[in-house]
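K.L.:
Provided below: model_5.pdb, containing PDB, C-alpha atoms.
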ATOM      1  CA  MET S   1       7.965  15.094  -5.249  1.00  0.00           C
ATOM      2  CA  ALA S   2       7.139  13.802  -8.743  1.00  0.00           C
ATOM      3  CA  THR S   3       8.413  10.386  -9.807  1.00  0.00           C
ATOM      4  CA  VAL S   4       8.488   8.602 -13.146  1.00  0.00           C
ATOM      5  CA  GLU S   5       9.403   4.924 -13.228  1.00  0.00           C
ATOM      6  CA  LEU S   6      10.465   3.141 -16.375  1.00  0.00           C
ATOM      7  CA  ARG S   7      11.044  -0.597 -16.705  1.00  0.00           C
ATOM      8  CA  PHE S   8      12.335  -2.238 -19.855  1.00  0.00           C
ATOM      9  CA  SER S   9      13.569  -5.633 -20.947  1.00  0.00           C
ATOM     10  CA  ALA S  10      17.335  -5.924 -21.078  1.00  0.00           C
ATOM     11  CA  GLN S  11      17.654  -5.199 -24.788  1.00  0.00           C
ATOM     12  CA  PRO S  12      20.154  -2.619 -26.103  1.00  0.00           C
ATOM     13  CA  GLU S  13      17.529  -1.016 -28.353  1.00  0.00           C
ATOM     14  CA  HIS S  14      15.557   0.130 -25.292  1.00  0.00           C
ATOM     15  CA  VAL S  15      18.446   2.221 -23.934  1.00  0.00           C
ATOM     16  CA  ARG S  16      17.686   5.003 -26.436  1.00  0.00           C
ATOM     17  CA  THR S  17      14.112   5.221 -25.154  1.00  0.00           C
ATOM     18  CA  ALA S  18      15.365   5.509 -21.566  1.00  0.00           C
ATOM     19  CA  ARG S  19      17.716   8.327 -22.632  1.00  0.00           C
ATOM     20  CA  LEU S  20      14.905  10.233 -24.347  1.00  0.00           C
ATOM     21  CA  VAL S  21      12.541   9.853 -21.384  1.00  0.00           C
ATOM     22  CA  ALA S  22      15.268  10.934 -18.935  1.00  0.00           C
ATOM     23  CA  ALA S  23      16.062  14.062 -20.953  1.00  0.00           C
ATOM     24  CA  ALA S  24      12.392  15.013 -21.256  1.00  0.00           C
ATOM     25  CA  VAL S  25      11.714  14.558 -17.541  1.00  0.00           C
ATOM     26  CA  ALA S  26      14.955  16.384 -16.621  1.00  0.00           C
ATOM     27  CA  ARG S  27      13.970  19.337 -18.808  1.00  0.00           C
ATOM     28  CA  ARG S  28      10.522  19.460 -17.199  1.00  0.00           C
ATOM     29  CA  ALA S  29      12.096  19.246 -13.725  1.00  0.00           C
ATOM     30  CA  GLY S  30      14.199  22.351 -14.389  1.00  0.00           C
ATOM     31  CA  VAL S  31      17.626  20.880 -15.124  1.00  0.00           C
ATOM     32  CA  ASP S  32      19.712  23.466 -17.001  1.00  0.00           C
ATOM     33  CA  GLU S  33      19.570  23.040 -20.794  1.00  0.00           C
ATOM     34  CA  ALA S  34      23.373  23.005 -20.951  1.00  0.00           C
ATOM     35  CA  VAL S  35      23.428  19.864 -18.779  1.00  0.00           C
ATOM     36  CA  LEU S  36      20.813  17.830 -20.671  1.00  0.00           C
ATOM     37  CA  ASP S  37      23.404  16.193 -22.946  1.00  0.00           C
ATOM     38  CA  GLU S  38      25.270  15.011 -19.853  1.00  0.00           C
ATOM     39  CA  VAL S  39      22.019  13.607 -18.447  1.00  0.00           C
ATOM     40  CA  ARG S  40      21.382  11.722 -21.694  1.00  0.00           C
ATOM     41  CA  LEU S  41      24.912  10.341 -21.872  1.00  0.00           C
ATOM     42  CA  ALA S  42      25.021   9.321 -18.208  1.00  0.00           C
ATOM     43  CA  VAL S  43      21.653   7.567 -18.404  1.00  0.00           C
ATOM     44  CA  GLY S  44      22.737   5.851 -21.613  1.00  0.00           C
ATOM     45  CA  GLU S  45      25.911   4.563 -19.951  1.00  0.00           C
ATOM     46  CA  ALA S  46      24.080   3.421 -16.808  1.00  0.00           C
ATOM     47  CA  CYS S  47      21.335   1.677 -18.784  1.00  0.00           C
ATOM     48  CA  SER S  48      23.818   0.054 -21.169  1.00  0.00           C
ATOM     49  CA  ARG S  49      25.757  -1.213 -18.161  1.00  0.00           C
ATOM     50  CA  ALA S  50      22.578  -2.637 -16.600  1.00  0.00           C
ATOM     51  CA  VAL S  51      21.554  -4.281 -19.891  1.00  0.00           C
ATOM     52  CA  GLY S  52      25.018  -5.832 -20.213  1.00  0.00           C
ATOM     53  CA  LEU S  53      24.924  -7.136 -16.653  1.00  0.00           C
ATOM     54  CA  HIS S  54      21.466  -8.632 -17.133  1.00  0.00           C
ATOM     55  CA  ARG S  55      22.444 -10.326 -20.369  1.00  0.00           C
ATOM     56  CA  SER S  56      25.764 -11.676 -19.085  1.00  0.00           C
ATOM     57  CA  HIS S  57      24.131 -13.076 -15.934  1.00  0.00           C
ATOM     58  CA  GLY S  58      21.023 -14.459 -17.641  1.00  0.00           C
ATOM     59  CA  ILE S  59      18.662 -12.198 -15.698  1.00  0.00           C
ATOM     60  CA  THR S  60      15.208 -11.880 -17.248  1.00  0.00           C
ATOM     61  CA  ALA S  61      13.887  -9.199 -14.877  1.00  0.00           C
ATOM     62  CA  PRO S  62      13.536  -5.732 -16.416  1.00  0.00           C
ATOM     63  CA  VAL S  63      16.033  -2.915 -15.957  1.00  0.00           C
ATOM     64  CA  ARG S  64      14.524  -0.264 -13.672  1.00  0.00           C
ATOM     65  CA  VAL S  65      14.934   3.499 -14.097  1.00  0.00           C
ATOM     66  CA  VAL S  66      13.414   5.867 -11.515  1.00  0.00           C
ATOM     67  CA  LEU S  67      13.406   9.605 -12.265  1.00  0.00           C
ATOM     68  CA  THR S  68      12.585  11.808  -9.291  1.00  0.00           C
ATOM     69  CA  GLU S  69      11.947  15.543  -9.243  1.00  0.00           C
ATOM     70  CA  GLU S  70      12.526  17.081  -5.838  1.00  0.00           C
ATOM     71  CA  GLU S  71      12.448  20.689  -4.709  1.00  0.00           C
ATOM     72  CA  LYS S  72      16.039  21.568  -5.612  1.00  0.00           C
ATOM     73  CA  ASN S  73      17.354  18.560  -7.482  1.00  0.00           C
ATOM     74  CA  PHE S  74      16.550  15.903 -10.037  1.00  0.00           C
ATOM     75  CA  SER S  75      17.747  12.352  -9.524  1.00  0.00           C
ATOM     76  CA  ILE S  76      17.859   9.216 -11.609  1.00  0.00           C
ATOM     77  CA  GLU S  77      18.351   5.698 -10.300  1.00  0.00           C
ATOM     78  CA  VAL S  78      19.208   2.897 -12.704  1.00  0.00           C
ATOM     79  CA  GLY S  79      18.830  -0.513 -11.117  1.00  0.00           C
ATOM     80  CA  ASP S  80      20.034  -3.879 -12.306  1.00  0.00           C
ATOM     81  CA  GLY S  81      19.128  -7.303 -10.964  1.00  0.00           C
ATOM     82  CA  VAL S  82      22.663  -8.536 -10.276  1.00  0.00           C
ATOM     83  CA  THR S  83      22.896  -9.205  -6.570  1.00  0.00           C
ATOM     84  CA  GLY S  84      26.089  -8.328  -4.754  1.00  0.00           C
ATOM     85  CA  THR S  85      27.872 -10.495  -2.267  1.00  0.00           C
ATOM     86  CA  GLY S  86      29.118  -7.811   0.067  1.00  0.00           C
ATOM     87  CA  GLY S  87      31.846  -5.291  -0.620  1.00  0.00           C
ATOM     88  CA  GLY S  88      30.165  -4.204  -3.840  1.00  0.00           C
ATOM     89  CA  ALA S  89      28.793  -0.958  -2.456  1.00  0.00           C
ATOM     90  CA  GLY S  90      30.731   2.207  -2.939  1.00  0.00           C
ATOM     91  CA  SER S  91      30.567   5.802  -3.959  1.00  0.00           C
ATOM     92  CA  ALA S  92      32.017   7.419  -7.030  1.00  0.00           C
ATOM     93  CA  ASP S  93      31.539  10.968  -5.726  1.00  0.00           C
ATOM     94  CA  SER S  94      35.272  11.634  -5.976  1.00  0.00           C
ATOM     95  CA  GLY S  95      35.201  11.170  -9.737  1.00  0.00           C
ATOM     96  CA  THR S  96      36.694   7.681  -9.653  1.00  0.00           C
ATOM     97  CA  PRO S  97      34.771   4.429  -9.508  1.00  0.00           C
ATOM     98  CA  GLU S  98      36.652   3.100  -6.482  1.00  0.00           C
ATOM     99  CA  GLY S  99      34.707   0.263  -4.896  1.00  0.00           C
ATOM    100  CA  ALA S 100      31.933   0.863  -7.395  1.00  0.00           C
ATOM    101  CA  SER S 101      31.857  -2.656  -8.752  1.00  0.00           C
ATOM    102  CA  SER S 102      32.152  -6.030  -7.143  1.00  0.00           C
ATOM    103  CA  GLY S 103      34.831  -8.370  -8.402  1.00  0.00           C
ATOM    104  CA  ASP S 104      32.469 -11.194  -7.518  1.00  0.00           C
ATOM    105  CA  LEU S 105      30.039 -10.019 -10.203  1.00  0.00           C
ATOM    106  CA  HIS S 106      32.353  -9.831 -13.203  1.00  0.00           C
ATOM    107  CA  ASP S 107      35.382 -11.399 -14.758  1.00  0.00           C
ATOM    108  CA  GLY S 108      37.956 -10.447 -17.376  1.00  0.00           C
ATOM    109  CA  ASP S 109      36.779  -8.058 -20.086  1.00  0.00           C
ATOM    110  CA  ALA S 110      33.346  -7.597 -18.517  1.00  0.00           C
ATOM    111  CA  GLU S 111      34.918  -6.130 -15.398  1.00  0.00           C
ATOM    112  CA  GLY S 112      37.036  -3.724 -17.463  1.00  0.00           C
ATOM    113  CA  GLU S 113      34.007  -2.580 -19.450  1.00  0.00           C
ATOM    114  CA  ASP S 114      32.034  -2.119 -16.229  1.00  0.00           C
ATOM    115  CA  GLU S 115      34.762   0.012 -14.667  1.00  0.00           C
ATOM    116  CA  MET S 116      35.073   2.058 -17.860  1.00  0.00           C
ATOM    117  CA  GLY S 117      31.315   2.723 -17.882  1.00  0.00           C
ATOM    118  CA  LEU S 118      31.424   3.804 -14.251  1.00  0.00           C
ATOM    119  CA  ALA S 119      34.384   6.088 -14.969  1.00  0.00           C
ATOM    120  CA  VAL S 120      32.464   7.729 -17.825  1.00  0.00           C
ATOM    121  CA  ILE S 121      29.414   8.237 -15.594  1.00  0.00           C
ATOM    122  CA  SER S 122      31.478   9.721 -12.764  1.00  0.00           C
ATOM    123  CA  GLY S 123      33.103  12.081 -15.280  1.00  0.00           C
ATOM    124  CA  LEU S 124      29.696  13.272 -16.477  1.00  0.00           C
ATOM    125  CA  VAL S 125      27.906  13.563 -13.133  1.00  0.00           C
ATOM    126  CA  ASP S 126      29.181  15.392 -10.059  1.00  0.00           C
ATOM    127  CA  ASP S 127      26.816  13.619  -7.658  1.00  0.00           C
ATOM    128  CA  VAL S 128      26.840   9.874  -8.335  1.00  0.00           C
ATOM    129  CA  GLU S 129      26.593   6.906  -6.000  1.00  0.00           C
ATOM    130  CA  VAL S 130      26.935   3.238  -6.935  1.00  0.00           C
ATOM    131  CA  THR S 131      25.648   0.557  -4.601  1.00  0.00           C
ATOM    132  CA  SER S 132      25.164  -3.187  -4.783  1.00  0.00           C
ATOM    133  CA  GLY S 133      23.152  -5.381  -2.464  1.00  0.00           C
ATOM    134  CA  ASP S 134      20.763  -8.291  -2.183  1.00  0.00           C
ATOM    135  CA  ASP S 135      18.222  -6.549  -4.439  1.00  0.00           C
ATOM    136  CA  GLY S 136      20.756  -5.765  -7.168  1.00  0.00           C
ATOM    137  CA  GLY S 137      22.909  -2.811  -8.069  1.00  0.00           C
ATOM    138  CA  VAL S 138      21.840   0.818  -8.305  1.00  0.00           C
ATOM    139  CA  ILE S 139      23.517   3.827  -9.862  1.00  0.00           C
ATOM    140  CA  ARG S 140      22.037   7.014  -8.376  1.00  0.00           C
ATOM    141  CA  MET S 141      22.817  10.293 -10.144  1.00  0.00           C
ATOM    142  CA  SER S 142      21.511  13.760  -9.365  1.00  0.00           C
ATOM    143  CA  TRP S 143      21.628  17.252 -10.790  1.00  0.00           C
ATOM    144  CA  PRO S 144      20.545  20.615  -9.353  1.00  0.00           C
ATOM    145  CA  THR S 145      17.406  22.236 -10.721  1.00  0.00           C
ATOM    146  CA  THR S 146      16.453  25.836 -11.154  1.00  0.00           C
ATOM    147  CA  PRO S 147      12.992  26.826  -9.978  1.00  0.00           C
ATOM    148  CA  ALA S 148      10.497  27.822 -12.629  1.00  0.00           C
ATOM    149  CA  VAL S 149      10.104  31.569 -12.992  1.00  0.00           C
ATOM    150  CA  ALA S 150       6.494  32.756 -12.799  1.00  0.00           C
ATOM    151  CA  LEU S 151       5.614  35.079 -15.652  1.00  0.00           C
ATOM    152  CA  PRO S 152       3.613  38.195 -14.751  1.00  0.00           C
TER     153      PRO S 152
END
Once you've parsed the file, please lay out its structure as structure tokens.

P.N.:
Amino acid sequence: MATVELRFSAQPEHVRTARLVAAAVARRAGVDEAVLDEVRLAVGEACSRAVGLHRSHGITAPVRVVLTEEEKNFSIEVGDGVTGTGGGAGSADSGTPEGASSGDLHDGDAEGEDEMGLAVISGLVDDVEVTSGDDGGVIRMSWPTTPAVALP
């Protein structure tokens, strides 16, 4: 299992770098070329969401992105430092962000933007899980990989 970890300060200009790194690692892991745009967009949304949460909550800790290549899939976790107060964990596997964000974390327009970002991510990624706990929130996304073909 190969893992790449990226940490960056919560600045919008760093989201592009995270997208580029995610696409490069996904390609190397064997994610289908046709899906790479979805990987880029989903990582961009997740990182933008984390940056927004950090900035709106005054969190100075870096945004964390973990890219993991496993035998038959490639996963990306984007973590923010906003701690949940229970009830914030949920899964967006069904394609809707039900329970994916905690009302305790956001208010007004920020909550609407958060839910919109989660809806976009769940529309791009079939396997997505959003959790929130004492260590912050995590969006975990995964895609199937195709094994490398050995050339004779």

K.L.:
Work out how far atom CA of Gly44 of chain S is from atom CA of Ala29 of chain S, in Å to one decimal.

P.N.:
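Computed distance, atom CA of Ala29 of chain S to atom CA of Gly44 of chain S, equals 18.8 Å.
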
K.L.:
Identify the residues within 6 Å of coordinate (22.8, 11.3, -12.1) (same frame as the file), considering all atoms listed in the file, and give the answer as a list of chain:residue names.

P.N.:
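Neighbouring residues, ordered by chain and number, come to S:Ser75, S:Ile76, S:Val125, S:Val128, S:Arg140, S:Met141, S:Ser142.
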
K.L.:
Looking at S:Thr3, S:His57, S:Asp80, S:Val63, which one is nearest to Ala18 of chain S, with distances taken over only C-alpha atoms?

P.N.:
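Comparing S:Thr3, S:His57, S:Asp80, S:Val63 against Ala18 of chain S, the winner is S:Val63.
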
K.L.:
When you draw a straight line from atom CA of Val43 of chain S to atom CA of Arg7 of chain S, how long is it in Å?

P.N.:
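Separating atom CA of Val43 of chain S from atom CA of Arg7 of chain S is a distance of 13.5 Å.
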
K.L.:
When distances are computed from only C-alpha atoms, which of S:Pro62, S:Asp114, S:Phe74, S:Leu67 shows the smallest separation from Gly136 of chain S?

P.N.:
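Distance minimum relative to Gly136 of chain S lands on S:Pro62.
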
K.L.:
Selected by the PyMOL selection byres ((chain S and resi 78) around 6) in the shown coordinates: which residues, as an MDAnalysis selection string?

P.N.:
chainID S and resid 64:65 77 79 138:139

K.L.:
Looking at all atoms listed in the file, which of S:His54, S:Asp127, S:Val120, S:Cys47 is the one that sits closest to Leu6 of chain S?

P.N.:
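For Leu6 of chain S, the nearest of the given residues is S:Cys47.
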